[in-house]
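J.: Sharing data.tsv below, TSV, C-alpha atoms and all ligand atoms:
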```tsv
chain	number	residue	atom	x	y	z
A	1	MET	CA	-9.94	27.25	13.55
A	2	SER	CA	-7.61	27.08	10.55
A	3	GLY	CA	-3.83	27.44	10.56
A	4	VAL	CA	-0.65	25.69	9.59
A	5	LEU	CA	1.56	23.14	11.29
A	6	GLU	CA	5.25	23.85	10.90
A	7	VAL	CA	7.65	21.16	9.71
A	8	PRO	CA	11.04	22.46	10.81
A	9	ALA	CA	14.01	22.83	8.47
A	10	GLY	CA	16.39	19.91	8.15
A	11	SER	CA	19.76	19.34	6.61
A	12	GLY	CA	19.40	20.39	2.97
A	13	ASP	CA	15.86	21.77	3.04
A	14	SER	CA	13.98	24.65	4.63
A	15	GLY	CA	11.05	22.62	5.98
A	16	THR	CA	7.44	23.08	4.99
A	17	THR	CA	3.97	23.78	6.37
A	18	ILE	CA	0.82	21.69	6.67
A	19	PRO	CA	-2.49	23.61	6.42
A	20	PHE	CA	-5.13	22.29	8.83
A	21	THR	CA	-8.56	23.07	10.29
A	22	VAL	CA	-9.96	22.01	13.67
A	23	ILE	CA	-13.73	22.15	14.24
A	24	HIS	CA	-14.84	21.61	17.85
A	25	GLY	CA	-18.45	20.57	18.29
A	26	SER	CA	-20.66	21.85	21.07
A	27	SER	CA	-20.60	18.53	22.93
A	28	PRO	CA	-17.92	15.86	23.47
A	29	GLY	CA	-17.43	12.93	21.13
A	30	PRO	CA	-14.96	11.24	18.79
A	31	VAL	CA	-12.02	13.04	17.19
A	32	LEU	CA	-12.15	12.35	13.46
A	33	ALA	CA	-9.05	13.10	11.38
A	34	LEU	CA	-9.57	13.68	7.65
A	35	VAL	CA	-6.30	13.85	5.74
A	36	ALA	CA	-5.97	14.98	2.11
A	37	GLY	CA	-2.96	15.39	-0.12
A	38	VAL	CA	-0.54	12.76	1.20
A	39	HIS	CA	0.03	12.45	-2.54
A	40	GLY	CA	0.15	16.01	-3.84
A	41	MET	CA	-1.37	15.39	-7.29
A	42	GLU	CA	-4.47	13.69	-5.87
A	43	TYR	CA	-6.55	16.85	-5.99
A	44	VAL	CA	-10.12	15.66	-5.40
A	45	PRO	CA	-9.81	15.20	-1.60
A	46	ILE	CA	-7.93	18.51	-1.29
A	47	VAL	CA	-10.77	20.38	-3.03
A	48	ALA	CA	-13.40	18.40	-1.11
A	49	LEU	CA	-11.93	19.41	2.28
A	50	GLN	CA	-11.95	23.07	1.22
A	51	LYS	CA	-15.70	22.70	0.70
A	52	LEU	CA	-16.22	20.67	3.89
A	53	ARG	CA	-14.33	23.18	6.05
A	54	THR	CA	-17.40	25.41	6.23
A	55	ALA	CA	-20.05	22.70	5.84
A	56	PHE	CA	-20.59	21.76	9.48
A	57	ASP	CA	-22.23	23.89	12.16
A	58	PRO	CA	-20.40	23.33	15.49
A	59	ALA	CA	-23.73	23.75	17.29
A	60	HIS	CA	-24.90	20.51	15.66
A	61	LEU	CA	-21.62	18.64	15.98
A	62	SER	CA	-20.39	16.33	18.76
A	63	GLY	CA	-16.66	15.76	19.11
A	64	THR	CA	-13.97	17.26	16.93
A	65	ILE	CA	-13.02	17.17	13.24
A	66	ILE	CA	-9.35	17.63	12.34
A	67	MET	CA	-8.79	18.33	8.64
A	68	VAL	CA	-5.39	18.20	7.01
A	69	HIS	CA	-5.93	20.09	3.78
A	70	ALA	CA	-2.64	19.23	2.08
A	71	ALA	CA	-0.31	16.83	3.89
A	72	ASN	CA	2.44	16.99	1.28
A	73	MET	CA	3.00	20.61	0.26
A	74	PRO	CA	6.32	19.91	-1.54
A	75	SER	CA	4.55	17.40	-3.81
A	76	LEU	CA	1.46	19.60	-4.27
A	77	LEU	CA	3.41	22.71	-5.27
A	78	GLY	CA	6.02	20.68	-7.17
A	79	ARG	CA	3.22	18.82	-9.04
A	80	THR	CA	4.85	15.43	-8.56
A	81	ILE	CA	3.20	12.00	-8.57
A	82	TYR	CA	4.15	9.34	-6.00
A	83	TYR	CA	7.32	11.02	-4.71
A	84	SER	CA	8.40	14.25	-3.02
A	85	PRO	CA	10.40	16.50	-5.35
A	86	ILE	CA	12.74	17.23	-2.41
A	87	ASP	CA	13.80	13.75	-1.23
A	88	ARG	CA	12.16	11.45	-3.85
A	89	GLN	CA	10.38	9.51	-1.09
A	90	ASN	CA	6.75	8.36	-1.11
A	91	LEU	CA	5.20	10.00	1.97
A	92	ASN	CA	2.76	7.10	2.32
A	93	ARG	CA	5.64	4.65	2.83
A	94	VAL	CA	7.63	6.48	5.53
A	95	PHE	CA	5.17	6.59	8.44
A	96	PRO	CA	5.38	7.09	11.39
A	97	GLY	CA	8.32	9.26	10.30
A	98	ARG	CA	11.10	10.62	12.48
A	99	PRO	CA	12.02	14.11	13.66
A	100	GLY	CA	15.60	14.10	12.35
A	101	GLY	CA	14.88	12.47	9.00
A	102	THR	CA	14.26	13.55	5.43
A	103	LEU	CA	11.57	16.14	4.72
A	104	SER	CA	9.02	13.38	3.98
A	105	GLU	CA	9.94	11.63	7.23
A	106	ARG	CA	9.57	14.88	9.18
A	107	ILE	CA	6.17	15.57	7.58
A	108	ALA	CA	5.11	12.04	8.58
A	109	HIS	CA	6.35	12.62	12.14
A	110	VAL	CA	4.38	15.87	12.49
A	111	ILE	CA	1.20	14.21	11.16
A	112	THR	CA	1.68	11.21	13.47
A	113	THR	CA	2.24	13.27	16.61
A	114	GLU	CA	-0.08	16.22	15.92
A	115	VAL	CA	-2.95	14.49	14.09
A	116	VAL	CA	-2.95	10.69	14.54
A	117	ASP	CA	-2.08	10.84	18.24
A	118	ARG	CA	-4.98	13.28	18.90
A	119	ALA	CA	-7.56	11.41	16.80
A	120	THR	CA	-9.85	8.52	17.68
A	121	HIS	CA	-10.64	7.69	14.02
A	122	LEU	CA	-8.91	8.56	10.74
A	123	VAL	CA	-9.77	8.67	7.05
A	124	ASP	CA	-6.83	8.99	4.66
A	125	LEU	CA	-8.30	10.51	1.49
A	126	HIS	CA	-6.50	9.49	-1.69
A	127	GLY	CA	-7.35	9.15	-5.37
A	128	GLY	CA	-5.79	8.08	-8.61
A	129	ASP	CA	-2.49	9.93	-8.88
A	130	GLY	CA	-1.86	12.45	-11.69
A	131	ASN	CA	-1.20	9.60	-14.16
A	132	GLU	CA	-3.91	7.18	-12.99
A	133	SER	CA	-7.49	6.67	-14.11
A	134	LEU	CA	-9.36	5.27	-11.09
A	135	ARG	CA	-12.73	3.78	-10.21
A	136	PRO	CA	-13.67	4.84	-6.63
A	137	TYR	CA	-12.98	2.34	-3.86
A	138	ALA	CA	-11.79	2.05	-0.24
A	139	TYR	CA	-9.24	-0.09	1.56
A	140	TRP	CA	-10.22	-2.01	4.67
A	141	ILE	CA	-7.13	-3.18	6.58
A	142	THR	CA	-7.82	-6.42	8.44
A	143	SER	CA	-4.47	-6.96	10.15
A	144	GLY	CA	-4.53	-5.78	13.73
A	145	ASP	CA	-6.62	-5.74	16.88
A	146	PRO	CA	-10.10	-7.24	16.20
A	147	ALA	CA	-11.94	-4.29	17.75
A	148	VAL	CA	-9.99	-1.87	15.55
A	149	VAL	CA	-10.60	-4.06	12.49
A	150	ALA	CA	-14.33	-4.02	13.24
A	151	GLY	CA	-14.26	-0.25	13.70
A	152	SER	CA	-12.43	0.20	10.39
A	153	ARG	CA	-14.97	-2.03	8.61
A	154	ALA	CA	-17.79	0.16	9.93
A	155	LEU	CA	-15.97	3.29	8.70
A	156	ALA	CA	-15.64	1.76	5.21
A	157	LEU	CA	-19.36	0.97	5.09
A	158	ALA	CA	-20.23	4.43	6.43
A	159	PHE	CA	-18.07	6.21	3.82
A	160	GLY	CA	-20.16	4.53	1.15
A	161	LEU	CA	-17.83	3.65	-1.73
A	162	ASP	CA	-19.27	0.44	-3.15
A	163	ARG	CA	-15.97	-1.35	-3.79
A	164	ILE	CA	-13.95	-2.25	-0.69
A	165	VAL	CA	-10.52	-3.85	-1.05
A	166	VAL	CA	-9.82	-6.22	1.85
A	167	ASP	CA	-6.16	-5.81	2.75
A	168	ALA	CA	-4.57	-8.24	5.23
A	169	GLU	CA	-0.97	-7.46	4.35
A	170	ARG	CA	-0.06	-4.30	6.28
A	171	PRO	CA	2.69	-4.19	8.93
A	172	LYS	CA	1.55	-4.70	12.54
A	173	ASP	CA	4.50	-2.95	14.19
A	174	PRO	CA	3.61	0.70	15.01
A	175	SER	CA	7.26	1.75	14.62
A	176	VAL	CA	7.23	0.73	10.93
A	177	SER	CA	3.57	1.37	10.09
A	178	MET	CA	4.55	2.69	6.59
A	179	TYR	CA	1.08	3.92	5.60
A	180	LEU	CA	-0.90	6.73	7.26
A	181	SER	CA	-4.07	4.71	7.85
A	182	ASN	CA	-1.96	1.85	9.21
A	183	THR	CA	-0.25	4.33	11.55
A	184	ALA	CA	-3.65	4.97	13.13
A	185	ILE	CA	-4.60	1.28	13.16
A	186	THR	CA	-1.36	0.15	14.81
A	187	ARG	CA	-2.06	2.78	17.50
A	188	GLY	CA	-5.50	1.35	18.22
A	189	LYS	CA	-7.59	3.76	16.14
A	190	PRO	CA	-9.97	2.58	13.39
A	191	ALA	CA	-9.00	3.99	9.98
A	192	ILE	CA	-9.58	3.57	6.25
A	193	THR	CA	-8.00	4.77	3.04
A	194	THR	CA	-10.36	6.03	0.34
A	195	GLU	CA	-9.71	6.50	-3.38
A	196	THR	CA	-11.69	8.99	-5.47
A	197	GLY	CA	-10.78	10.95	-8.60
A	198	GLY	CA	-7.64	10.77	-10.69
A	199	LEU	CA	-5.61	12.06	-13.64
A	200	GLY	CA	-5.03	15.42	-11.97
A	201	ARG	CA	-8.69	16.38	-12.38
A	202	THR	CA	-11.12	17.99	-9.93
A	203	ASP	CA	-14.36	16.53	-11.27
A	204	PRO	CA	-17.48	17.39	-9.24
A	205	GLU	CA	-18.77	13.79	-9.16
A	206	ALA	CA	-15.64	12.58	-7.38
A	207	ILE	CA	-15.66	15.54	-4.98
A	208	ALA	CA	-19.29	14.73	-4.14
A	209	LEU	CA	-18.27	11.18	-3.23
A	210	VAL	CA	-15.87	12.56	-0.59
A	211	GLU	CA	-18.52	14.94	0.78
A	212	ARG	CA	-21.02	12.10	0.96
A	213	GLY	CA	-18.41	9.83	2.54
A	214	VAL	CA	-17.48	12.27	5.29
A	215	ALA	CA	-21.16	12.95	6.04
A	216	GLY	CA	-21.73	9.21	6.33
A	217	VAL	CA	-18.79	8.76	8.71
A	218	LEU	CA	-19.90	11.69	10.93
A	219	HIS	CA	-23.39	10.20	11.15
A	220	HIS	CA	-22.03	6.71	11.86
A	221	LEU	CA	-19.79	8.00	14.67
A	222	GLY	CA	-22.68	9.88	16.25
A	223	MET	CA	-21.03	13.23	15.61
A	224	ARG	CA	-24.01	14.49	13.60
A	225	ASN	CA	-27.67	13.50	13.76
A	226	GLU	CA	-28.10	13.51	10.02
A	227	GLY	CA	-26.21	11.87	7.20
A	228	PRO	CA	-26.47	9.12	4.61
A	229	PRO	CA	-26.87	5.54	5.86
A	230	PRO	CA	-24.04	3.00	5.66
A	231	LEU	CA	-23.77	0.63	2.72
A	232	THR	CA	-25.36	-2.72	3.34
A	233	ALA	CA	-24.08	-4.68	0.34
A	234	PRO	CA	-20.73	-3.43	-1.00
A	235	THR	CA	-18.53	-5.59	-3.19
A	236	TRP	CA	-15.79	-6.95	-0.92
A	237	LEU	CA	-12.70	-7.36	-3.10
A	238	THR	CA	-10.80	-10.12	-1.35
A	239	ARG	CA	-8.25	-10.64	-4.10
A	240	ASN	CA	-6.13	-7.92	-5.66
A	241	ALA	CA	-2.96	-7.52	-7.69
A	242	VAL	CA	-0.93	-4.45	-8.62
A	243	LEU	CA	0.76	-5.03	-11.99
A	244	ARG	CA	4.16	-3.38	-12.23
A	245	THR	CA	6.24	-2.68	-15.32
A	246	SER	CA	9.53	-4.52	-15.69
A	247	ALA	CA	10.73	-1.92	-18.22
A	248	THR	CA	11.06	1.86	-18.37
A	249	GLY	CA	9.26	3.27	-21.41
A	250	LEU	CA	5.83	4.37	-22.57
A	251	PHE	CA	2.62	2.58	-21.55
A	252	PHE	CA	-0.52	2.43	-23.65
A	253	ALA	CA	-3.61	1.16	-21.84
A	254	ALA	CA	-6.03	-1.12	-23.69
A	255	VAL	CA	-8.78	-0.89	-21.06
A	256	ASP	CA	-9.99	1.72	-18.59
A	257	CYS	CA	-10.78	1.68	-14.91
A	258	GLY	CA	-14.08	0.02	-14.07
A	259	HIS	CA	-13.73	-2.53	-16.87
A	260	MET	CA	-14.28	-6.19	-15.99
A	261	VAL	CA	-11.50	-8.29	-17.50
A	262	ALA	CA	-11.00	-12.03	-17.93
A	263	ALA	CA	-7.92	-13.85	-16.69
A	264	GLY	CA	-5.10	-13.21	-19.20
A	265	ALA	CA	-6.86	-10.23	-20.82
A	266	ARG	CA	-4.50	-7.64	-22.32
A	267	LEU	CA	-4.51	-4.46	-20.22
A	268	GLY	CA	-1.97	-2.55	-22.33
A	269	HIS	CA	1.60	-2.59	-23.55
A	270	VAL	CA	4.90	-0.87	-22.80
A	271	THR	CA	7.09	0.35	-25.68
A	272	ASP	CA	10.64	1.66	-25.76
A	273	PHE	CA	11.16	5.27	-26.82
A	274	HIS	CA	11.28	4.27	-30.51
A	275	GLY	CA	7.90	2.52	-30.33
A	276	ARG	CA	9.00	-1.12	-30.18
A	277	THR	CA	6.87	-3.19	-27.81
A	278	LEU	CA	8.81	-4.30	-24.74
A	279	GLU	CA	6.09	-6.09	-22.80
A	280	GLU	CA	2.37	-6.62	-22.50
A	281	ALA	CA	0.42	-6.31	-19.27
A	282	ARG	CA	-2.16	-9.03	-18.78
A	283	ALA	CA	-4.73	-9.59	-16.03
A	284	PRO	CA	-3.44	-12.24	-13.59
A	285	PHE	CA	-7.03	-13.29	-12.80
A	286	ALA	CA	-10.53	-12.25	-13.75
A	287	GLY	CA	-11.68	-9.10	-12.03
A	288	GLU	CA	-12.26	-5.37	-12.19
A	289	VAL	CA	-9.66	-2.77	-13.14
A	290	LEU	CA	-9.65	-0.38	-10.17
A	291	TYR	CA	-7.00	1.90	-11.64
A	292	ILE	CA	-4.78	2.00	-14.69
A	293	VAL	CA	-2.03	4.37	-15.84
A	294	ARG	CA	-3.39	6.58	-18.64
A	295	THR	CA	-0.42	8.84	-19.38
A	296	PRO	CA	2.53	7.28	-21.24
A	297	PRO	CA	5.73	7.47	-19.16
A	298	VAL	CA	6.43	4.54	-16.84
A	299	THR	CA	9.53	3.63	-14.86
A	300	LYS	CA	10.67	0.09	-14.15
A	301	GLY	CA	9.03	-1.24	-10.97
A	302	GLU	CA	6.17	1.26	-10.91
A	303	PRO	CA	2.47	0.30	-11.08
A	304	LEU	CA	0.63	-0.03	-14.39
A	305	ALA	CA	-2.76	-1.13	-13.06
A	306	MET	CA	-4.60	-2.75	-10.18
A	307	VAL	CA	-7.02	-5.61	-10.71
A	308	ALA	CA	-9.29	-6.82	-7.92
A	309	ALA	CA	-12.01	-9.40	-7.54
A	310	ALA	CA	-14.53	-10.75	-5.14
A	311	ALA	CA	-13.92	-14.48	-4.75
A	312	ALA	CA	-17.13	-15.22	-6.64
A	313	ASP	CA	-16.22	-12.94	-9.61
A	314	SER	CA	-12.81	-14.45	-10.20
A	315	ALA	CA	-14.36	-17.94	-10.23
A	316	ARG	CA	-17.17	-16.93	-12.59
A	317	LEU	CA	-15.05	-15.19	-15.26
A	318	GLN	CA	-12.18	-17.66	-15.42
A	401	ZN	ZN	-2.40	8.34	-3.04
```
Transcribe the structure of this file into structure tokens.
Ligand SMILES: [Zn+2]

T.:
Amino acid sequence: MSGVLEVPAGSGDSGTTIPFTVIHGSSPGPVLALVAGVHGMEYVPIVALQKLRTAFDPAHLSGTIIMVHAANMPSLLGRTIYYSPIDRQNLNRVFPGRPGGTLSERIAHVITTEVVDRATHLVDLHGGDGNESLRPYAYWITSGDPAVVAGSRALALAFGLDRIVVDAERPKDPSVSMYLSNTAITRGKPAITTETGGLGRTDPEAIALVERGVAGVLHHLGMRNEGPPPLTAPTWLTRNAVLRTSATGLFFAAVDCGHMVAAGARLGHVTDFHGRTLEEARAPFAGEVLYIVRTPPVTKGEPLAMVAAAAADSARLQ
């Protein structure tokens, strides 16, 4: 069943809608939420869920799949990176939201109450934003209840992306969960965030990673009898750093995502609008570039790149 959730009008905006699909299997089981488009210019998961909507036969499915096809319609239709064009907020920083808040906060509230609260497991499907070149990876959040942490780890292995960022830094208070996956985790439900695609593209290879990932999760949860096996030896990235620009200007990357860089390696430089170099971005430790901004404009405080390493890698390359 496909339809739309209504986000009611608030002061200064007319509300929005959230397109969703619910697929009930023929026997009971977990309720898996798959959410695309929290960031509206991350197109790969949005296109992947359109394909997956008709991919599963309910007769061979246990439990229920809830798909959110585009969580952030204002950003999708407004073609904005990071922020809503209506309230300039990042939807993935305002969870669990609130009913009387900004449009982003009301979207978050509807997703929390209508999707997260009904689910037993959640996958928040992201990618490089419209300005970011990204090498596929997943986040495994390790703060929280040990049983939930273990369940989230199993989801990450089942999804199958071979780089897994280990993140111990997320809030533990469900009333300020900030991130969608953390909203599920702080409510006792295993969840992961996945990253595939980038630069506003809809490349088939990245879409296939999402299809493979969802099939792996359904198999792992016992919702389908078939599906790819979980990863046995991913690279656990225990150290990561997001480099942010201290100046507004134009950024020119010197490396691309997936490159291994040494500690201190130049990742790119920021110029002013006349072309004078304002600053250089350098790797804080040896590791792999998971994403890097590949379109010029950057605003003070925003990310330029993310570098991550397994403990062994950062020791070897330094
Ligand atoms: Zn995102």

J.: Would you mind listing, for every residue of chain A within 10 Å of ligand ZN 401 (chain A), the two atoms forming the shortest contact and the distance between them in Å to one decimal, using all atoms listed in the file, sorted by chain and ascending residue number, as a Markdown table?

T.:
```
| residue | atom | partner | partner_atom | distance |
| --- | --- | --- | --- | --- |
| A:Ala36 | CA | A:ZN401 | ZN | 9.1 |
| A:Gly37 | CA | A:ZN401 | ZN | 7.7 |
| A:Val38 | CA | A:ZN401 | ZN | 6.4 |
| A:His39 | CA | A:ZN401 | ZN | 4.8 |
| A:Gly40 | CA | A:ZN401 | ZN | 8.1 |
| A:Met41 | CA | A:ZN401 | ZN | 8.3 |
| A:Glu42 | CA | A:ZN401 | ZN | 6.4 |
| A:Tyr43 | CA | A:ZN401 | ZN | 9.9 |
| A:Ile81 | CA | A:ZN401 | ZN | 8.7 |
| A:Tyr82 | CA | A:ZN401 | ZN | 7.3 |
| A:Asn90 | CA | A:ZN401 | ZN | 9.4 |
| A:Leu91 | CA | A:ZN401 | ZN | 9.3 |
| A:Asn92 | CA | A:ZN401 | ZN | 7.5 |
| A:Asp124 | CA | A:ZN401 | ZN | 8.9 |
| A:Leu125 | CA | A:ZN401 | ZN | 7.7 |
| A:His126 | CA | A:ZN401 | ZN | 4.5 |
| A:Gly127 | CA | A:ZN401 | ZN | 5.5 |
| A:Gly128 | CA | A:ZN401 | ZN | 6.5 |
| A:Asp129 | CA | A:ZN401 | ZN | 6.1 |
| A:Gly130 | CA | A:ZN401 | ZN | 9.6 |
| A:Thr193 | CA | A:ZN401 | ZN | 9.0 |
| A:Thr194 | CA | A:ZN401 | ZN | 9.0 |
| A:Glu195 | CA | A:ZN401 | ZN | 7.5 |
| A:Thr196 | CA | A:ZN401 | ZN | 9.6 |
| A:Gly198 | CA | A:ZN401 | ZN | 9.6 |
```

J.: Which distance in Å separates CA of Gly10 in chain A and CA of Thr186 in chain A, to one decimal?

T.: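 Taking CA of Gly10 in chain A as the start and CA of Thr186 in chain A as the end point, the length is 27.4 Å.
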
J.: Looking at A:Pro190, A:Gly200, A:Pro174, A:Gly287, which one is nearest to Gly258 in chain A, with distances taken over all atoms listed in the file?

T.: A:Gly287

J.: Counting only C-alpha atoms, which of A:Leu237, A:Met67, A:Ala265, A:Ala281 gets nearest to Lys51 in chain A?

T.: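 Ranking A:Leu237, A:Met67, A:Ala265, A:Ala281 by distance to Lys51 in chain A, first place goes to A:Met67.
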
J.: Mind checking which residues fall within 9 Å of Ile164 in chain A, counting only C-alpha atoms, ignoring those fewer than 6 positions away in the same chain, and posting them as number ranges by chain?

T.: A: 137-140, 156-157, 234-238

J.: What does the distance between CA of Leu5 in chain A and CA of Leu61 in chain A come to in Å, to one decimal place?

T.: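 Separation of CA of Leu5 in chain A and CA of Leu61 in chain A: 24.1 Å.
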
J.: Closest to Gly12 in chain A among A:Val214, A:Gly101, A:Arg153, A:Val44, using all atoms listed in the file?

T.: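 Between A:Val214, A:Gly101, A:Arg153, A:Val44, the residue approaching Gly12 in chain A most closely is A:Gly101.
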
J.: Rounded to one decimal place, report the CA of Leu32 in chain A-CA of Gln89 in chain A distance in Å.

T.: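 Distance reported for this atom pair: 27.0 Å.
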
J.: Find, counting all atoms listed in the file, the residue in A:Leu221, A:Leu52, A:Ser14, A:Thr113 that gets nearest to Pro74 in chain A.

T.: A:Ser14

J.: Find, counting all atoms listed in the file, the residue in A:Ser152, A:Asn225, A:Asn72, A:Asn240 that gets nearest to Ala310 in chain A.

T.: A:Asn240

J.: Pick out the residues sitting within 9 Å of Gly144 in chain A, and hand them over as a count of residues only; count all atoms listed in the file, and ignore anything fewer than 4 positions along from it in its own chain.

T.: 9

J.: Counting all atoms listed in the file, which residues of range 36-126 of chain A sit at most 10 Å from some atom of range 27-31 of chain A, and what is each one's closest atom pair with its distance in Å to one decimal, listed by chain and rising residue number, as CSV?

T.:
```
residue,atom,partner,partner_atom,distance
A:Pro58,CA,A:Ser27,CA,8.9
A:Ala59,CA,A:Ser27,CA,8.3
A:His60,CA,A:Ser27,CA,8.7
A:Leu61,CA,A:Ser27,CA,7.0
A:Ser62,CA,A:Ser27,CA,4.7
A:Gly63,CA,A:Gly29,CA,3.6
A:Thr64,CA,A:Val31,CA,4.7
A:Ile65,CA,A:Val31,CA,5.8
A:Ile66,CA,A:Val31,CA,7.2
A:Val115,CA,A:Val31,CA,9.7
A:Val116,CA,A:Val31,CA,9.7
A:Arg118,CA,A:Val31,CA,7.2
A:Ala119,CA,A:Val31,CA,4.8
A:Thr120,CA,A:Val31,CA,5.0
A:His121,CA,A:Val31,CA,6.4
A:Leu122,CA,A:Val31,CA,8.4
```

J.: Near Pro85 in chain A, within 7 Å and counting only C-alpha atoms, which residues show up once chain neighbours fewer than 5 positions away are dropped, as a PyMOL selection string?

T.: chain A and resi 74-75+78+80

J.: Limit the output to N, CA, C and O atoms and give range 72-86 of chain A as a short mmCIF file (atom, residue, chain, number, x, y, z; two decimals), in the first residue's frame.

T.:
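And here is the file that came out, result06.cif:
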```cif
data_model
loop_
_atom_site.label_atom_id
_atom_site.label_comp_id
_atom_site.auth_asym_id
_atom_site.auth_seq_id
_atom_site.Cartn_x
_atom_site.Cartn_y
_atom_site.Cartn_z
N ASN A 72 12.16 14.29 3.00
CA ASN A 72 12.31 15.75 3.05
C ASN A 72 11.91 16.36 1.71
O ASN A 72 12.75 16.77 0.90
N MET A 73 10.60 16.39 1.46
CA MET A 73 10.10 16.91 0.18
C MET A 73 10.50 18.36 -0.09
O MET A 73 10.82 18.71 -1.23
N PRO A 74 10.51 19.25 0.93
CA PRO A 74 10.94 20.63 0.63
C PRO A 74 12.36 20.67 0.06
O PRO A 74 12.65 21.41 -0.88
N SER A 75 13.27 19.86 0.63
CA SER A 75 14.65 19.84 0.15
C SER A 75 14.75 19.16 -1.22
O SER A 75 15.49 19.62 -2.10
N LEU A 76 14.00 18.08 -1.41
CA LEU A 76 14.03 17.38 -2.70
C LEU A 76 13.57 18.30 -3.83
O LEU A 76 14.25 18.46 -4.84
N LEU A 77 12.40 18.91 -3.65
CA LEU A 77 11.85 19.75 -4.72
C LEU A 77 12.58 21.10 -4.82
O LEU A 77 12.63 21.69 -5.89
N GLY A 78 13.14 21.56 -3.70
CA GLY A 78 13.92 22.79 -3.71
C GLY A 78 15.36 22.58 -4.13
O GLY A 78 16.10 23.56 -4.30
N ARG A 79 15.78 21.30 -4.30
CA ARG A 79 17.14 20.94 -4.72
C ARG A 79 18.18 21.59 -3.84
O ARG A 79 19.11 22.24 -4.32
N THR A 80 18.03 21.42 -2.52
CA THR A 80 18.99 22.00 -1.58
C THR A 80 19.82 20.90 -0.92
O THR A 80 19.30 19.84 -0.59
N ILE A 81 21.11 21.17 -0.73
CA ILE A 81 21.96 20.30 0.08
C ILE A 81 21.82 20.69 1.55
O ILE A 81 21.49 21.85 1.86
N TYR A 82 22.08 19.76 2.42
CA TYR A 82 22.13 19.91 3.88
C TYR A 82 20.83 20.42 4.50
O TYR A 82 20.33 19.85 5.44
N TYR A 83 20.34 21.57 4.03
CA TYR A 83 19.32 22.33 4.75
C TYR A 83 18.01 22.41 3.97
O TYR A 83 17.99 22.44 2.75
N SER A 84 16.92 22.52 4.72
CA SER A 84 15.61 22.78 4.12
C SER A 84 15.58 24.19 3.54
O SER A 84 16.06 25.13 4.17
N PRO A 85 15.01 24.37 2.35
CA PRO A 85 14.88 25.72 1.80
C PRO A 85 13.86 26.57 2.56
O PRO A 85 13.83 27.78 2.43
N ILE A 86 13.02 25.91 3.38
CA ILE A 86 11.96 26.63 4.10
C ILE A 86 12.49 27.23 5.41
O ILE A 86 12.29 28.41 5.69
#
```
